[in-house]
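Novice: You'll find work-v4.cif just under this line, and it carries mmCIF, N, CA and C atoms.
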```cif
data_entry
#
loop_
_atom_site.label_atom_id
_atom_site.label_comp_id
_atom_site.auth_asym_id
_atom_site.auth_seq_id
_atom_site.Cartn_x
_atom_site.Cartn_y
_atom_site.Cartn_z
N MET A 1 11.68 -18.03 14.61
CA MET A 1 10.25 -17.83 14.50
C MET A 1 9.85 -17.98 13.04
N MET A 2 8.66 -18.47 12.81
CA MET A 2 8.22 -18.78 11.46
C MET A 2 7.89 -17.53 10.65
N TRP A 3 7.45 -16.45 11.26
CA TRP A 3 7.01 -15.27 10.52
C TRP A 3 8.15 -14.52 9.86
N ASP A 4 9.38 -14.76 10.29
CA ASP A 4 10.49 -14.04 9.69
C ASP A 4 11.17 -14.84 8.57
N GLN A 5 10.52 -15.87 8.07
CA GLN A 5 11.05 -16.63 6.95
C GLN A 5 10.32 -16.22 5.67
N TRP A 6 11.08 -16.05 4.60
CA TRP A 6 10.52 -15.50 3.37
C TRP A 6 9.49 -16.41 2.73
N TRP A 7 9.68 -17.72 2.83
CA TRP A 7 8.78 -18.63 2.14
C TRP A 7 7.37 -18.63 2.72
N VAL A 8 7.23 -18.29 4.00
CA VAL A 8 5.90 -18.21 4.61
C VAL A 8 5.11 -17.08 3.96
N TRP A 9 5.77 -15.94 3.77
CA TRP A 9 5.11 -14.81 3.13
C TRP A 9 4.85 -15.09 1.65
N ALA A 10 5.75 -15.83 0.98
CA ALA A 10 5.55 -16.17 -0.43
C ALA A 10 4.36 -17.11 -0.61
N VAL A 11 4.23 -18.08 0.28
CA VAL A 11 3.07 -18.98 0.21
C VAL A 11 1.79 -18.21 0.49
N GLY A 12 1.84 -17.29 1.44
CA GLY A 12 0.67 -16.45 1.71
C GLY A 12 0.31 -15.59 0.51
N ALA A 13 1.32 -15.06 -0.18
CA ALA A 13 1.05 -14.26 -1.38
C ALA A 13 0.42 -15.11 -2.48
N LEU A 14 0.89 -16.34 -2.64
CA LEU A 14 0.30 -17.21 -3.66
C LEU A 14 -1.13 -17.59 -3.31
N ILE A 15 -1.40 -17.88 -2.05
CA ILE A 15 -2.77 -18.23 -1.64
C ILE A 15 -3.70 -17.04 -1.86
N LEU A 16 -3.24 -15.85 -1.52
CA LEU A 16 -4.07 -14.67 -1.74
C LEU A 16 -4.27 -14.37 -3.23
N ALA A 17 -3.26 -14.64 -4.05
CA ALA A 17 -3.40 -14.43 -5.49
C ALA A 17 -4.41 -15.42 -6.09
N VAL A 18 -4.39 -16.65 -5.62
CA VAL A 18 -5.39 -17.63 -6.09
C VAL A 18 -6.78 -17.22 -5.61
N GLY A 19 -6.87 -16.71 -4.40
CA GLY A 19 -8.15 -16.21 -3.91
C GLY A 19 -8.66 -15.04 -4.73
N GLU A 20 -7.76 -14.23 -5.23
CA GLU A 20 -8.15 -13.10 -6.08
C GLU A 20 -8.72 -13.59 -7.40
N VAL A 21 -8.18 -14.68 -7.93
CA VAL A 21 -8.71 -15.24 -9.17
C VAL A 21 -10.13 -15.76 -8.94
N LEU A 22 -10.36 -16.33 -7.76
CA LEU A 22 -11.69 -16.87 -7.46
C LEU A 22 -12.69 -15.77 -7.10
N LEU A 23 -12.23 -14.70 -6.49
CA LEU A 23 -13.09 -13.57 -6.10
C LEU A 23 -12.53 -12.30 -6.71
N PRO A 24 -12.84 -12.00 -7.96
CA PRO A 24 -12.23 -10.85 -8.64
C PRO A 24 -12.77 -9.52 -8.11
N SER A 25 -12.09 -8.97 -7.13
CA SER A 25 -12.54 -7.70 -6.56
C SER A 25 -11.38 -6.74 -6.32
N PHE A 26 -10.16 -7.15 -6.64
CA PHE A 26 -8.94 -6.38 -6.42
C PHE A 26 -8.65 -6.13 -4.94
N LEU A 27 -9.35 -6.79 -4.05
CA LEU A 27 -9.08 -6.65 -2.63
C LEU A 27 -7.95 -7.58 -2.20
N LEU A 28 -8.04 -8.82 -2.56
CA LEU A 28 -7.02 -9.78 -2.16
C LEU A 28 -5.71 -9.57 -2.92
N LEU A 29 -5.77 -8.97 -4.10
CA LEU A 29 -4.56 -8.72 -4.87
C LEU A 29 -3.65 -7.72 -4.16
N GLY A 30 -4.23 -6.73 -3.50
CA GLY A 30 -3.43 -5.79 -2.73
C GLY A 30 -2.70 -6.48 -1.58
N PHE A 31 -3.40 -7.37 -0.88
CA PHE A 31 -2.76 -8.13 0.20
C PHE A 31 -1.70 -9.08 -0.36
N SER A 32 -1.97 -9.64 -1.52
CA SER A 32 -0.99 -10.53 -2.15
C SER A 32 0.28 -9.78 -2.53
N ILE A 33 0.13 -8.58 -3.05
CA ILE A 33 1.30 -7.77 -3.39
C ILE A 33 2.08 -7.40 -2.13
N GLY A 34 1.37 -7.06 -1.07
CA GLY A 34 2.03 -6.74 0.20
C GLY A 34 2.82 -7.91 0.75
N ALA A 35 2.24 -9.11 0.70
CA ALA A 35 2.94 -10.30 1.19
C ALA A 35 4.12 -10.64 0.30
N ALA A 36 3.98 -10.44 -1.01
CA ALA A 36 5.09 -10.71 -1.93
C ALA A 36 6.25 -9.74 -1.71
N VAL A 37 5.94 -8.49 -1.43
CA VAL A 37 7.01 -7.51 -1.17
C VAL A 37 7.75 -7.87 0.12
N ILE A 38 7.02 -8.26 1.15
CA ILE A 38 7.67 -8.67 2.40
C ILE A 38 8.53 -9.91 2.15
N ALA A 39 8.03 -10.87 1.36
CA ALA A 39 8.81 -12.06 1.04
C ALA A 39 10.09 -11.70 0.29
N LEU A 40 9.99 -10.76 -0.66
CA LEU A 40 11.19 -10.35 -1.39
C LEU A 40 12.19 -9.62 -0.50
N LEU A 41 11.68 -8.79 0.40
CA LEU A 41 12.59 -8.09 1.33
C LEU A 41 13.32 -9.08 2.22
N LEU A 42 12.61 -10.09 2.70
CA LEU A 42 13.25 -11.09 3.55
C LEU A 42 14.20 -11.99 2.76
N LEU A 43 13.85 -12.30 1.50
CA LEU A 43 14.71 -13.13 0.67
C LEU A 43 16.02 -12.44 0.34
N VAL A 44 15.95 -11.15 0.05
CA VAL A 44 17.15 -10.38 -0.28
C VAL A 44 18.03 -10.21 0.96
N GLY A 45 17.43 -10.23 2.12
CA GLY A 45 18.20 -10.11 3.34
C GLY A 45 17.99 -8.81 4.07
N ILE A 46 17.03 -8.03 3.62
CA ILE A 46 16.71 -6.78 4.30
C ILE A 46 15.79 -7.11 5.47
N PRO A 47 16.27 -6.99 6.67
CA PRO A 47 15.39 -7.29 7.81
C PRO A 47 14.33 -6.19 7.94
N VAL A 48 13.12 -6.60 8.07
CA VAL A 48 12.02 -5.64 8.20
C VAL A 48 11.90 -5.32 9.69
N ALA A 49 12.95 -4.74 10.23
CA ALA A 49 13.07 -4.29 11.62
C ALA A 49 13.15 -5.44 12.61
N GLY A 50 13.09 -6.69 12.16
CA GLY A 50 13.27 -7.82 13.05
C GLY A 50 12.13 -8.09 14.00
N ASN A 51 11.16 -7.23 14.08
CA ASN A 51 10.03 -7.38 14.99
C ASN A 51 8.80 -7.78 14.19
N VAL A 52 8.04 -8.75 14.70
CA VAL A 52 6.87 -9.24 13.98
C VAL A 52 5.84 -8.14 13.83
N TYR A 53 5.68 -7.31 14.84
CA TYR A 53 4.68 -6.24 14.78
C TYR A 53 5.03 -5.21 13.72
N VAL A 54 6.29 -4.87 13.61
CA VAL A 54 6.72 -3.92 12.60
C VAL A 54 6.57 -4.54 11.21
N MET A 55 6.86 -5.84 11.09
CA MET A 55 6.72 -6.53 9.81
C MET A 55 5.26 -6.53 9.36
N VAL A 56 4.34 -6.78 10.27
CA VAL A 56 2.92 -6.76 9.92
C VAL A 56 2.47 -5.34 9.59
N LEU A 57 3.01 -4.35 10.28
CA LEU A 57 2.69 -2.96 9.96
C LEU A 57 3.18 -2.59 8.57
N VAL A 58 4.38 -2.99 8.21
CA VAL A 58 4.90 -2.72 6.87
C VAL A 58 4.05 -3.45 5.83
N PHE A 59 3.66 -4.68 6.13
CA PHE A 59 2.77 -5.43 5.23
C PHE A 59 1.45 -4.69 5.03
N ALA A 60 0.88 -4.16 6.09
CA ALA A 60 -0.40 -3.45 6.00
C ALA A 60 -0.26 -2.17 5.18
N VAL A 61 0.82 -1.44 5.38
CA VAL A 61 1.02 -0.19 4.64
C VAL A 61 1.23 -0.47 3.15
N ILE A 62 2.06 -1.48 2.84
CA ILE A 62 2.30 -1.82 1.44
C ILE A 62 1.01 -2.33 0.79
N SER A 63 0.23 -3.11 1.52
CA SER A 63 -1.03 -3.62 0.99
C SER A 63 -2.01 -2.48 0.70
N LEU A 64 -2.09 -1.53 1.62
CA LEU A 64 -2.98 -0.39 1.42
C LEU A 64 -2.55 0.44 0.21
N LEU A 65 -1.26 0.71 0.10
CA LEU A 65 -0.77 1.49 -1.03
C LEU A 65 -0.99 0.77 -2.35
N SER A 66 -0.75 -0.53 -2.37
CA SER A 66 -0.96 -1.27 -3.62
C SER A 66 -2.45 -1.34 -3.96
N TRP A 67 -3.32 -1.43 -2.95
CA TRP A 67 -4.76 -1.43 -3.22
C TRP A 67 -5.20 -0.09 -3.81
N ILE A 68 -4.66 1.01 -3.29
CA ILE A 68 -5.00 2.33 -3.81
C ILE A 68 -4.53 2.47 -5.25
N VAL A 69 -3.31 2.01 -5.54
CA VAL A 69 -2.79 2.08 -6.91
C VAL A 69 -3.62 1.22 -7.85
N LEU A 70 -4.00 0.02 -7.41
CA LEU A 70 -4.83 -0.85 -8.23
C LEU A 70 -6.20 -0.24 -8.48
N ARG A 71 -6.76 0.38 -7.48
CA ARG A 71 -8.08 1.02 -7.63
C ARG A 71 -8.02 2.15 -8.65
N ARG A 72 -6.93 2.93 -8.59
CA ARG A 72 -6.78 4.04 -9.55
C ARG A 72 -6.53 3.51 -10.96
N ALA A 73 -5.73 2.45 -11.08
CA ALA A 73 -5.36 1.95 -12.40
C ALA A 73 -6.45 1.08 -13.02
N LEU A 74 -7.12 0.27 -12.22
CA LEU A 74 -8.05 -0.71 -12.76
C LEU A 74 -9.49 -0.51 -12.30
N GLY A 75 -9.75 0.52 -11.54
CA GLY A 75 -11.09 0.73 -11.00
C GLY A 75 -12.05 1.26 -12.05
N ILE A 76 -13.25 1.58 -11.62
CA ILE A 76 -14.27 2.09 -12.52
C ILE A 76 -13.90 3.51 -12.96
N ARG A 77 -13.85 3.70 -14.25
CA ARG A 77 -13.53 5.02 -14.78
C ARG A 77 -14.80 5.87 -14.87
N LYS A 78 -14.60 7.16 -14.93
CA LYS A 78 -15.74 8.06 -15.05
C LYS A 78 -16.40 7.85 -16.41
N GLY A 79 -17.70 7.69 -16.40
CA GLY A 79 -18.43 7.46 -17.62
C GLY A 79 -18.70 5.99 -17.93
N GLN A 80 -18.13 5.06 -17.16
CA GLN A 80 -18.36 3.65 -17.40
C GLN A 80 -19.65 3.16 -16.74
N VAL A 81 -20.17 3.89 -15.81
CA VAL A 81 -21.36 3.47 -15.11
C VAL A 81 -22.58 3.98 -15.86
N LYS A 82 -23.51 3.09 -16.13
CA LYS A 82 -24.73 3.47 -16.84
C LYS A 82 -25.74 3.99 -15.83
N LEU A 83 -26.18 5.21 -16.03
CA LEU A 83 -27.19 5.82 -15.17
C LEU A 83 -28.51 5.85 -15.91
N PHE A 84 -29.57 5.45 -15.25
CA PHE A 84 -30.90 5.44 -15.83
C PHE A 84 -31.65 6.64 -15.30
N ASP A 85 -32.17 7.46 -16.21
CA ASP A 85 -32.93 8.64 -15.80
C ASP A 85 -34.44 8.44 -16.02
N ARG A 86 -34.82 7.28 -16.50
CA ARG A 86 -36.23 6.99 -16.76
C ARG A 86 -36.56 5.64 -16.17
N ASP A 87 -37.67 5.54 -15.50
CA ASP A 87 -38.13 4.29 -14.91
C ASP A 87 -38.96 3.52 -15.95
N ILE A 88 -38.67 2.25 -16.14
CA ILE A 88 -39.39 1.48 -17.16
C ILE A 88 -40.83 1.18 -16.75
N ASN A 89 -41.16 1.37 -15.50
CA ASN A 89 -42.52 1.09 -15.03
C ASN A 89 -43.45 2.29 -15.10
N GLU A 90 -42.97 3.42 -15.60
CA GLU A 90 -43.79 4.64 -15.63
C GLU A 90 -44.58 4.80 -16.91
N ASP A 91 -44.56 3.91 -17.84
CA ASP A 91 -45.29 4.07 -19.10
C ASP A 91 -46.73 3.78 -19.01
#
```
Here is the file; what I need is its structure written in the form of structure tokens.

Specialist:
Amino acid sequence: MMWDQWWVWAVGALILAVGEVLLPSFLLLGFSIGAAVIALLLLVGIPVAGNVYVMVLVFAVISLLSWIVLRRALGIRKGQVKLFDRDINED
């Protein structure tokens, strides 16, 4: 089956990484990291339970965790958002 080959996940990771460059939102980067981790696990020889459903579940969990870490590390920090307390049309 094609889904259990490492290069399919590596190509998917590269496509998602290029998509992240085009749409800088840190959303696709989490999916790219998840696909890259699955590709590395398959390349090393660690079977991700041999079932496609389990492999996709592991991909989803790794993607979610990497997205959370990216959001914490690179997200909006407290104090970076400019708040306006005066309306410019009230003068």

Novice: Among region 5-88 of chain A, which residues carry a DSSP assignment of helix (DSSP H, G or I), reported as number ranges by chain?

Specialist: A: 6-22, 27-44, 52-74, 88

Novice: If I take CA of Ile33 (chain A) and atom N of Ala13 (chain A), how far is one from the other in Å, to one decimal?

Specialist: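 For CA of Ile33 (chain A) relative to atom N of Ala13 (chain A), the distance reads 8.0 Å.
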
Novice: Could you state the separation of CA of Ile38 (chain A) and CA of Val21 (chain A) in Å, given to one decimal place?

Specialist: 21.1 Å

Novice: Using only N, CA and C atoms for the distances, tell me which of A:Phe84, A:Trp67, A:Trp7, A:Phe26 is nearest to Ala39 (chain A).

Specialist: A:Trp7

Novice: Any idea what the distance is between CA of Pro47 (chain A) and atom C of Gln5 (chain A)?

Specialist: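 Interatomic distance, CA of Pro47 (chain A) to atom C of Gln5 (chain A): 10.5 Å.
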
Novice: Pull out every residue that the PyMOL selection byres (((chain A and resi 61 and name CA) around 12) and name CA) matches in the shown coordinates and put them as a list in words.

Specialist: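 The output of the PyMOL selection byres (((chain A and resi 61 and name CA) around 12) and name CA) on this file is Gly30, Phe31, Ile33, Gly34, Ala35, Val37, Ile38, Val54, Met55, Val56, Leu57, Val58, Phe59, Ala60, Ile62, Ser63, Leu64, Leu65, Ser66, Trp67 and Ile68 of chain A.
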
Novice: Taking all atoms listed in the file into account, name the residue in A:Ala17, A:Val52, A:Leu23, A:Ala10 that is nearest to Ala36 (chain A).

Specialist: A:Ala10
